[in-house]
Every structure is written in C-alpha cells, then in structure tokens.
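Structure data (CSV, C-alpha atoms) from protein_24.csv:
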```csv
chain,number,residue,atom,x,y,z
Q,30,GLN,CA,-1.1,-21.1,-6.9
Q,31,VAL,CA,-3.8,-18.6,-6.3
Q,32,GLN,CA,-4.4,-15.5,-8.5
Q,33,LEU,CA,-6.4,-12.6,-7.0
Q,34,VAL,CA,-8.1,-9.8,-9.0
Q,35,GLU,CA,-9.7,-6.9,-7.2
Q,36,SER,CA,-12.4,-4.7,-8.6
Q,37,GLY,CA,-14.8,-2.0,-7.4
Q,38,GLY,CA,-12.5,0.8,-6.6
Q,39,GLY,CA,-13.2,4.4,-7.6
Q,40,LEU,CA,-13.8,8.0,-6.6
Q,41,VAL,CA,-16.5,8.7,-4.0
Q,42,GLN,CA,-17.4,11.6,-1.8
Q,43,ALA,CA,-16.9,11.6,1.9
Q,44,GLY,CA,-19.7,9.8,3.6
Q,45,GLY,CA,-20.4,7.6,0.6
Q,46,SER,CA,-20.0,3.8,0.1
Q,47,LEU,CA,-18.0,1.5,-2.1
Q,48,ARG,CA,-18.0,-2.3,-2.4
Q,49,LEU,CA,-14.7,-4.0,-3.3
Q,50,SER,CA,-14.6,-7.5,-4.7
Q,51,CYS,CA,-11.8,-9.9,-5.1
Q,52,ALA,CA,-12.0,-12.9,-7.4
Q,53,ALA,CA,-9.7,-15.8,-6.8
Q,54,SER,CA,-8.7,-18.5,-9.2
Q,55,GLY,CA,-8.0,-22.1,-8.4
Q,56,ARG,CA,-9.8,-24.8,-6.5
Q,57,THR,CA,-8.1,-24.1,-3.1
Q,58,PHE,CA,-9.8,-20.8,-2.2
Q,59,SER,CA,-11.5,-22.3,0.8
Q,60,THR,CA,-8.2,-23.3,2.3
Q,61,TYR,CA,-7.2,-19.6,2.7
Q,62,ALA,CA,-8.2,-17.0,5.2
Q,63,MET,CA,-8.7,-13.8,3.2
Q,64,SER,CA,-7.6,-10.3,4.1
Q,65,TRP,CA,-7.7,-6.8,2.8
Q,66,PHE,CA,-4.8,-4.4,3.2
Q,67,ARG,CA,-4.4,-0.8,2.0
Q,68,GLN,CA,-1.5,1.5,1.2
Q,69,ALA,CA,-1.9,5.3,1.1
Q,70,PRO,CA,0.7,7.5,-0.7
Q,71,GLY,CA,3.9,7.9,1.4
Q,72,LYS,CA,2.7,5.4,4.0
Q,73,GLU,CA,3.3,1.7,4.7
Q,74,ARG,CA,0.8,-0.9,3.8
Q,75,GLU,CA,-1.6,-1.6,6.6
Q,76,PHE,CA,-4.1,-4.3,7.6
Q,77,VAL,CA,-7.8,-3.5,7.1
Q,78,ALA,CA,-9.8,-6.6,7.6
Q,79,THR,CA,-9.7,-10.4,7.6
Q,80,VAL,CA,-12.1,-13.3,7.4
Q,81,SER,CA,-11.6,-17.0,8.3
Q,82,ARG,CA,-11.9,-19.8,5.8
Q,83,SER,CA,-15.4,-20.6,6.8
Q,84,GLY,CA,-16.4,-17.0,6.9
Q,85,ASP,CA,-17.7,-17.1,10.5
Q,86,ARG,CA,-14.9,-15.1,12.0
Q,87,THR,CA,-13.7,-11.6,11.1
Q,88,ALA,CA,-11.4,-8.9,12.4
Q,89,TYR,CA,-10.9,-5.3,11.6
Q,90,ALA,CA,-8.5,-2.5,12.1
Q,91,ASP,CA,-9.7,0.0,14.7
Q,92,SER,CA,-9.8,2.7,12.0
Q,93,VAL,CA,-12.5,0.9,10.0
Q,94,LYS,CA,-14.4,-1.0,12.7
Q,95,GLY,CA,-18.1,-0.3,12.4
Q,96,ARG,CA,-17.8,1.1,8.9
Q,97,PHE,CA,-16.4,-1.7,6.9
Q,98,ALA,CA,-17.6,-5.3,6.5
Q,99,ILE,CA,-15.7,-8.2,5.0
Q,100,SER,CA,-17.4,-11.3,3.7
Q,101,ARG,CA,-16.7,-14.2,1.4
Q,102,ASP,CA,-18.5,-16.7,-0.8
Q,103,ASN,CA,-16.6,-19.9,-1.1
Q,104,ALA,CA,-18.9,-21.2,-3.8
Q,105,LYS,CA,-18.0,-18.2,-6.0
Q,106,ASN,CA,-14.4,-17.9,-4.9
Q,107,THR,CA,-14.9,-14.3,-3.9
Q,108,VAL,CA,-14.3,-12.0,-1.0
Q,109,ASN,CA,-15.9,-8.6,-0.6
Q,110,LEU,CA,-15.2,-5.5,1.4
Q,111,GLN,CA,-18.3,-3.2,2.0
Q,112,MET,CA,-17.0,0.2,2.9
Q,113,ASN,CA,-19.5,2.7,4.3
Q,114,SER,CA,-19.2,6.2,5.8
Q,115,LEU,CA,-16.0,6.7,3.9
Q,116,LYS,CA,-13.5,9.3,4.9
Q,117,PRO,CA,-10.7,11.1,3.0
Q,118,GLU,CA,-8.2,9.2,5.1
Q,119,ASP,CA,-9.5,5.9,3.6
Q,120,THR,CA,-8.0,7.0,0.3
Q,121,ALA,CA,-5.5,4.3,-0.6
Q,122,VAL,CA,-4.8,1.4,-2.9
Q,123,TYR,CA,-6.6,-1.6,-1.5
Q,124,TYR,CA,-5.1,-5.1,-1.8
Q,125,CYS,CA,-6.8,-8.5,-1.5
Q,126,ALA,CA,-4.6,-11.2,0.1
Q,127,ALA,CA,-4.7,-14.9,0.8
Q,128,VAL,CA,-3.3,-16.4,3.9
Q,129,ARG,CA,-3.0,-20.2,4.1
Q,130,SER,CA,-4.9,-21.4,7.1
Q,131,TYR,CA,-5.1,-24.9,8.7
Q,132,SER,CA,-8.3,-24.2,10.7
Q,133,SER,CA,-11.6,-23.2,9.2
Q,134,SER,CA,-12.5,-20.8,11.9
Q,135,SER,CA,-9.2,-19.2,12.8
Q,136,ILE,CA,-8.1,-15.8,11.6
Q,137,PRO,CA,-4.5,-14.9,10.9
Q,138,GLN,CA,-2.5,-12.5,12.9
Q,139,ARG,CA,-2.7,-9.2,11.2
Q,140,THR,CA,1.1,-9.1,10.9
Q,141,THR,CA,1.2,-12.5,9.1
Q,142,GLU,CA,2.7,-12.1,5.6
Q,143,PRO,CA,0.1,-13.3,3.1
Q,144,ASP,CA,0.9,-16.1,0.6
Q,145,TYR,CA,-0.7,-14.3,-2.3
Q,146,TRP,CA,-1.5,-10.7,-3.2
Q,147,GLY,CA,-3.8,-9.1,-5.8
Q,148,GLN,CA,-2.6,-6.2,-7.9
Q,149,GLY,CA,-4.7,-3.6,-6.0
Q,150,THR,CA,-7.5,-1.2,-6.7
Q,151,GLN,CA,-7.5,2.5,-6.1
Q,152,VAL,CA,-10.1,4.1,-3.7
Q,153,THR,CA,-10.2,7.8,-3.6
Q,154,VAL,CA,-12.5,9.6,-1.1
Q,155,SER,CA,-13.0,13.4,-1.7
Q,156,SER,CA,-13.8,15.8,1.0
```
What do you get writing this file as structure tokens?
Amino acid sequence: QVQLVESGGGLVQAGGSLRLSCAASGRTFSTYAMSWFRQAPGKEREFVATVSRSGDRTAYADSVKGRFAISRDNAKNTVNLQMNSLKPEDTAVYYCAAVRSYSSSSIPQRTTEPDYWGQGTQVTVSS
C-alpha cells in the first residue's frame, strides 16, 4: 500500500512558477515509477509528466515540455514537479500517481492506469 500526499499548489500569476511536491508513505517507493496528472474543470484528467524508478528517465506532455520538470528523491520518498512559465491553461487539480514498474529505468505508457493516486492539489494561474 502506498499513500500519496501532494502539496505546493496555489494561486500564481501567468509567467510565474510553482513547485509541487508529493510525499509517499511506505518502504516500496523506489519500486514505482511516479507520474503527475491534472484535471481542469469540465475536462478529462490528462497526463503531465512521469519519472522512472531510478529517476534517470522522464517524459512530458507536449503542452508542458520545456516548462515543467519532474524529479524524485528516493531517500526522502518524494517526487516534485517544478512548473515554470505558467499559463492560465495550466489551471487544474494536479495529482501525483504511482505506477508499479519492474525496471528501474523504464517509464510507463502515459495511458497506463496508476496503482495509487494522491488526493490532488489545486493550481490556479491568473492572467
């Protein structure tokens, strides 16, 4: 069982930055690839970014590539999402998710249903 708790959301002006964090419980954090998803009002949840178990491979949605950076610290059981150059269209609830992975350097398909989800944190970008 893995419990995920996100933090760091808030209100920011367009062009600003936020750093989301996700703290995971349990001793099996390093056996999961970690991902961030988001859901805007009236829209389906969408993939944002993912990082491999070892942290050496990442992937991003085209809409955030070059602006967002995902990272993890297996010693601290945390995964972060640094969000720069934020746009109003980035407004959404952001969810941390754990995807069981059997390879330390592989990244999950962005359509793979995660095994665990956090409760979400709101990010609002004003224009």
>> Which residue is closest to Thr120 (chain Q)? Choose from Q:Ala78, Q:Val152, Q:Leu33, Q:Ala52 and count all atoms listed in the file.
In response: Q:Val152
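Interatomic distance, CA of Asp91 (chain Q) to CA of Phe76 (chain Q): 10.0 Å.
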>> Considering only C-alpha atoms, can you say which of Q:Cys125, Q:Met63, Q:Leu115, Q:Val34 comes closest to Ser100 (chain Q)?
In response: Q:Met63
> Which residue, Q:Gln42, Q:Ser83, Q:Ser156, Q:Thr60, has the smallest gap to Asn113 (chain Q) when you use all atoms listed in the file?
Replying inline: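 For Asn113 (chain Q), the nearest of the given residues is Q:Gln42.
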> Counting only C-alpha atoms, which of Q:Val41, Q:Val77, Q:Ala90, Q:Val31 gets nearest to Gly55 (chain Q)?
Replying inline: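 Counting only C-alpha atoms, the residue closest to Gly55 (chain Q) is Q:Val31.
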> Hey, which of Q:Gly149, Q:Gly44, Q:Gly71, Q:Gly84 ends up closest to Ser135 (chain Q)? Count all atoms listed in the file.
Replying inline: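 Once distances to Ser135 (chain Q) are computed over all atoms listed in the file, the minimum belongs to Q:Gly84.
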> With distances taken over only C-alpha atoms, which of Q:Gly147, Q:Pro137, Q:Gly39, Q:Pro70 is nearest to Val108 (chain Q)?
Replying inline: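 Going through Q:Gly147, Q:Pro137, Q:Gly39, Q:Pro70 one by one, the smallest distance to Val108 (chain Q) is for Q:Gly147.
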> In Å to one decimal, how far is CA of Gln148 (chain Q) from CA of Gln68 (chain Q)?
Replying inline: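 It comes out at 12.0 Å.
Look at Ala43 (chain Q): the protein and nucleic acid residues within 9 Å of it, using all atoms listed in the file and passing over chain neighbours fewer than 6 places away, are Ser114, Leu115, Lys116, Pro117, Val154, Ser155 and Ser156 of chain Q.
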